[in-house]
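Below: the structure, in structure tokens.
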Amino acid sequence: MDVIQSGNGITITAGETKLIFEEYSGMENPFYHFAFNIPSNKFQEAFEWVKPKVDFLWLNDYNGYMADFVNWHAKSFYFKDPAGNILEMISRFDLKDKTDETFSAAQIRSVSEIGIVFPADTFDEDVKEMMKEYSLDYFDKQQPLPEFRAVGNDEGLFIVVPENRVWFATDVEAKIFRTEVTFINKNKLHKLILP
């Protein structure tokens, strides 16, 4: 993982992906939810590596700091960065990504999730429009719920929620902030820009 600061922004390279934060006029204190894929056999090691660097978010549903998403065949843990972003590190056991190397920042494979927030009153319509426009499908391990849609696959997911829904692992309500995602789906390059 590399971090480069320039002008009014910062670029974080995580494996195959880049996460870019830029100052945007008119947005005060924006925050996002995103997740990093880590090797499936390094979950506990990654937890211990991160532990002295952050304060983990307590997960009431799991009575601990680690979530076991049985249906997703994945485990994760959560923390916030200094800017208030909600970060997740997740091991997805269906991926063939085991490694013998000791866990370090170099083992962070990619940004695999980004939270997308739509207005509550048009949520269903906005999700359908996004999926149609970018030829997306629901994640086959997660049934769509009234206020939670996982769109994509283990390598890349949009976690789509309505505005003011509380983000998992926090008491923070989801808000709509400027978001741009460049991604490939079905061999086609797409650029999603919201709002």
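The way I read the labels, and the way they are meant: chains A, B, ... in the order of the structure tokens, residue 1 as the first residue of every chain, and ligand 1 as the first ligand shown, with later ones counted on from there.
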Which of chain A fall in helix (DSSP H, G or I), as a PyMOL selection string: chain A and resi 43-53+60-62+105-107+120-133
Could you give me, as number ranges by chain, the residues within 12 Å of A:Ile184, counting only C-alpha atoms and dropping anything in the same chain fewer than 6 positions from it? A: 17, 134-136, 152, 155-157, 190-192
Determine, counting only C-alpha atoms, which protein, DNA and RNA residues have an atom within 12 Å of an atom of stretch 93-109 of chain A; residues of the same chain fewer than 3 positions away are not included. Present the result as a PyMOL selection string. chain A and resi 1-3+12-18+35-50+68-76+88-90+112+141+153-156
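With only C-alpha atoms as the atoms that count, the residue of A:Arg178, A:Lys128, A:Arg149, A:Lys53 with the shortest distance to A:Tyr32 is A:Arg178.
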Secondary structure check, strand (DSSP E) residues of chain A, as JSON, numbers by chain: {"A": [2, 3, 4, 5, 6, 9, 10, 11, 12, 13, 14, 17, 18, 19, 20, 21, 22, 33, 34, 35, 36, 37, 38, 66, 67, 68, 69, 74, 75, 76, 77, 78, 79, 80, 86, 87, 88, 89, 90, 91, 92, 110, 111, 112, 113, 114, 115, 116, 117, 118, 149, 150, 151, 152, 153, 156, 157, 158, 159, 160, 161, 162, 179, 180, 181, 182, 183, 184, 185, 188, 189, 190, 191, 192, 193, 194]}
Only C-alpha atoms, please: the residues just picked out, written as a PDB file, in the first residue's frame.
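Dumped everything to selection.pdb:
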ATOM      1  CA  ASP A   2       1.391   3.348  -1.050  1.00  0.00           C
ATOM      2  CA  VAL A   3       0.192   6.807   0.006  1.00  0.00           C
ATOM      3  CA  ILE A   4       0.975   9.884  -2.079  1.00  0.00           C
ATOM      4  CA  GLN A   5      -0.047  13.434  -1.122  1.00  0.00           C
ATOM      5  CA  SER A   6      -0.348  16.065  -3.816  1.00  0.00           C
ATOM      6  CA  GLY A   9      -5.601  15.411  -2.398  1.00  0.00           C
ATOM      7  CA  ILE A  10      -4.192  12.081  -1.373  1.00  0.00           C
ATOM      8  CA  THR A  11      -3.914   8.853  -3.372  1.00  0.00           C
ATOM      9  CA  ILE A  12      -3.799   5.463  -1.659  1.00  0.00           C
ATOM     10  CA  THR A  13      -2.718   2.564  -3.856  1.00  0.00           C
ATOM     11  CA  ALA A  14      -3.972  -0.752  -2.506  1.00  0.00           C
ATOM     12  CA  THR A  17      -6.832  -0.259  -6.954  1.00  0.00           C
ATOM     13  CA  LYS A  18      -6.426   3.415  -6.190  1.00  0.00           C
ATOM     14  CA  LEU A  19      -8.424   5.336  -3.631  1.00  0.00           C
ATOM     15  CA  ILE A  20      -8.246   9.084  -4.258  1.00  0.00           C
ATOM     16  CA  PHE A  21      -9.476  11.769  -1.881  1.00  0.00           C
ATOM     17  CA  GLU A  22      -9.687  15.290  -3.261  1.00  0.00           C
ATOM     18  CA  HIS A  33     -17.346   3.508   3.905  1.00  0.00           C
ATOM     19  CA  PHE A  34     -14.913   1.289   2.056  1.00  0.00           C
ATOM     20  CA  ALA A  35     -13.362  -2.142   2.513  1.00  0.00           C
ATOM     21  CA  PHE A  36     -10.019  -3.691   1.654  1.00  0.00           C
ATOM     22  CA  ASN A  37      -9.679  -7.328   0.602  1.00  0.00           C
ATOM     23  CA  ILE A  38      -6.920  -9.119   2.504  1.00  0.00           C
ATOM     24  CA  MET A  66     -14.658  -9.444  14.369  1.00  0.00           C
ATOM     25  CA  ALA A  67     -17.642 -10.065  12.120  1.00  0.00           C
ATOM     26  CA  ASP A  68     -18.247 -13.542  10.724  1.00  0.00           C
ATOM     27  CA  PHE A  69     -20.408 -13.170   7.625  1.00  0.00           C
ATOM     28  CA  ALA A  74     -16.040 -13.917   4.912  1.00  0.00           C
ATOM     29  CA  LYS A  75     -14.742 -12.296   8.090  1.00  0.00           C
ATOM     30  CA  SER A  76     -13.972  -8.650   8.716  1.00  0.00           C
ATOM     31  CA  PHE A  77     -13.102  -5.996  11.254  1.00  0.00           C
ATOM     32  CA  TYR A  78     -13.786  -2.269  11.248  1.00  0.00           C
ATOM     33  CA  PHE A  79     -12.166   0.983  12.354  1.00  0.00           C
ATOM     34  CA  LYS A  80     -12.234   4.683  11.483  1.00  0.00           C
ATOM     35  CA  ILE A  86     -15.377   3.823   8.081  1.00  0.00           C
ATOM     36  CA  LEU A  87     -12.776   1.255   7.033  1.00  0.00           C
ATOM     37  CA  GLU A  88     -13.140  -2.489   6.856  1.00  0.00           C
ATOM     38  CA  MET A  89     -10.613  -5.215   6.247  1.00  0.00           C
ATOM     39  CA  ILE A  90     -12.218  -8.369   4.935  1.00  0.00           C
ATOM     40  CA  SER A  91     -11.037 -11.889   4.152  1.00  0.00           C
ATOM     41  CA  ARG A  92     -13.204 -13.628   1.558  1.00  0.00           C
ATOM     42  CA  SER A 110      -7.606  -4.125  -3.300  1.00  0.00           C
ATOM     43  CA  VAL A 111     -10.403  -1.784  -2.378  1.00  0.00           C
ATOM     44  CA  SER A 112     -13.267  -4.262  -2.647  1.00  0.00           C
ATOM     45  CA  GLU A 113     -16.244  -2.277  -1.354  1.00  0.00           C
ATOM     46  CA  ILE A 114     -17.421   1.307  -1.514  1.00  0.00           C
ATOM     47  CA  GLY A 115     -20.562   2.627   0.122  1.00  0.00           C
ATOM     48  CA  ILE A 116     -23.048   4.279  -2.219  1.00  0.00           C
ATOM     49  CA  VAL A 117     -25.812   6.403  -0.691  1.00  0.00           C
ATOM     50  CA  PHE A 118     -29.035   7.420  -2.437  1.00  0.00           C
ATOM     51  CA  ARG A 149     -28.194  -3.809  -1.358  1.00  0.00           C
ATOM     52  CA  ALA A 150     -24.884  -5.463  -2.173  1.00  0.00           C
ATOM     53  CA  VAL A 151     -24.157  -5.131  -5.880  1.00  0.00           C
ATOM     54  CA  GLY A 152     -21.233  -6.880  -7.581  1.00  0.00           C
ATOM     55  CA  ASN A 153     -19.019  -9.785  -6.516  1.00  0.00           C
ATOM     56  CA  GLY A 156     -15.799  -5.520  -6.096  1.00  0.00           C
ATOM     57  CA  LEU A 157     -19.014  -4.502  -4.371  1.00  0.00           C
ATOM     58  CA  PHE A 158     -21.141  -1.417  -4.117  1.00  0.00           C
ATOM     59  CA  ILE A 159     -22.729  -1.391  -0.657  1.00  0.00           C
ATOM     60  CA  VAL A 160     -25.854   0.615  -1.405  1.00  0.00           C
ATOM     61  CA  VAL A 161     -27.948   2.161   1.371  1.00  0.00           C
ATOM     62  CA  PRO A 162     -30.509   4.946   1.694  1.00  0.00           C
ATOM     63  CA  THR A 179     -18.279   9.936  -5.193  1.00  0.00           C
ATOM     64  CA  GLU A 180     -16.588   8.811  -8.392  1.00  0.00           C
ATOM     65  CA  VAL A 181     -15.831   5.157  -9.098  1.00  0.00           C
ATOM     66  CA  THR A 182     -14.030   3.930 -12.197  1.00  0.00           C
ATOM     67  CA  PHE A 183     -14.449   0.185 -12.649  1.00  0.00           C
ATOM     68  CA  ILE A 184     -14.586  -2.599 -15.208  1.00  0.00           C
ATOM     69  CA  ASN A 185     -17.694  -4.739 -15.487  1.00  0.00           C
ATOM     70  CA  LYS A 188     -16.340  -2.588 -20.221  1.00  0.00           C
ATOM     71  CA  LEU A 189     -14.865   0.446 -18.461  1.00  0.00           C
ATOM     72  CA  HIS A 190     -17.413   2.481 -16.505  1.00  0.00           C
ATOM     73  CA  LYS A 191     -17.317   5.683 -14.478  1.00  0.00           C
ATOM     74  CA  LEU A 192     -20.005   6.173 -11.837  1.00  0.00           C
ATOM     75  CA  ILE A 193     -20.332   9.757 -10.575  1.00  0.00           C
ATOM     76  CA  LEU A 194     -22.646  10.665  -7.703  1.00  0.00           C
TER      77      LEU A 194
END
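The two atoms in question, atom CA of A:Asp121 and atom CA of A:Asp61, are spaced 27.9 Å apart.
Residue nearest A:Trp58 within the list A:Ala120, A:Val127, A:Ala169, A:Met27: A:Ala169 [criterion: smallest interatomic distance, only C-alpha atoms].
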Could you name the residues that touch A:Asn29 at 12 Å or less, counting only C-alpha atoms, but leaving out those on the same chain fewer than 3 positions away, as a PyMOL selection string? chain A and resi 23-26+32+82-85+175-178
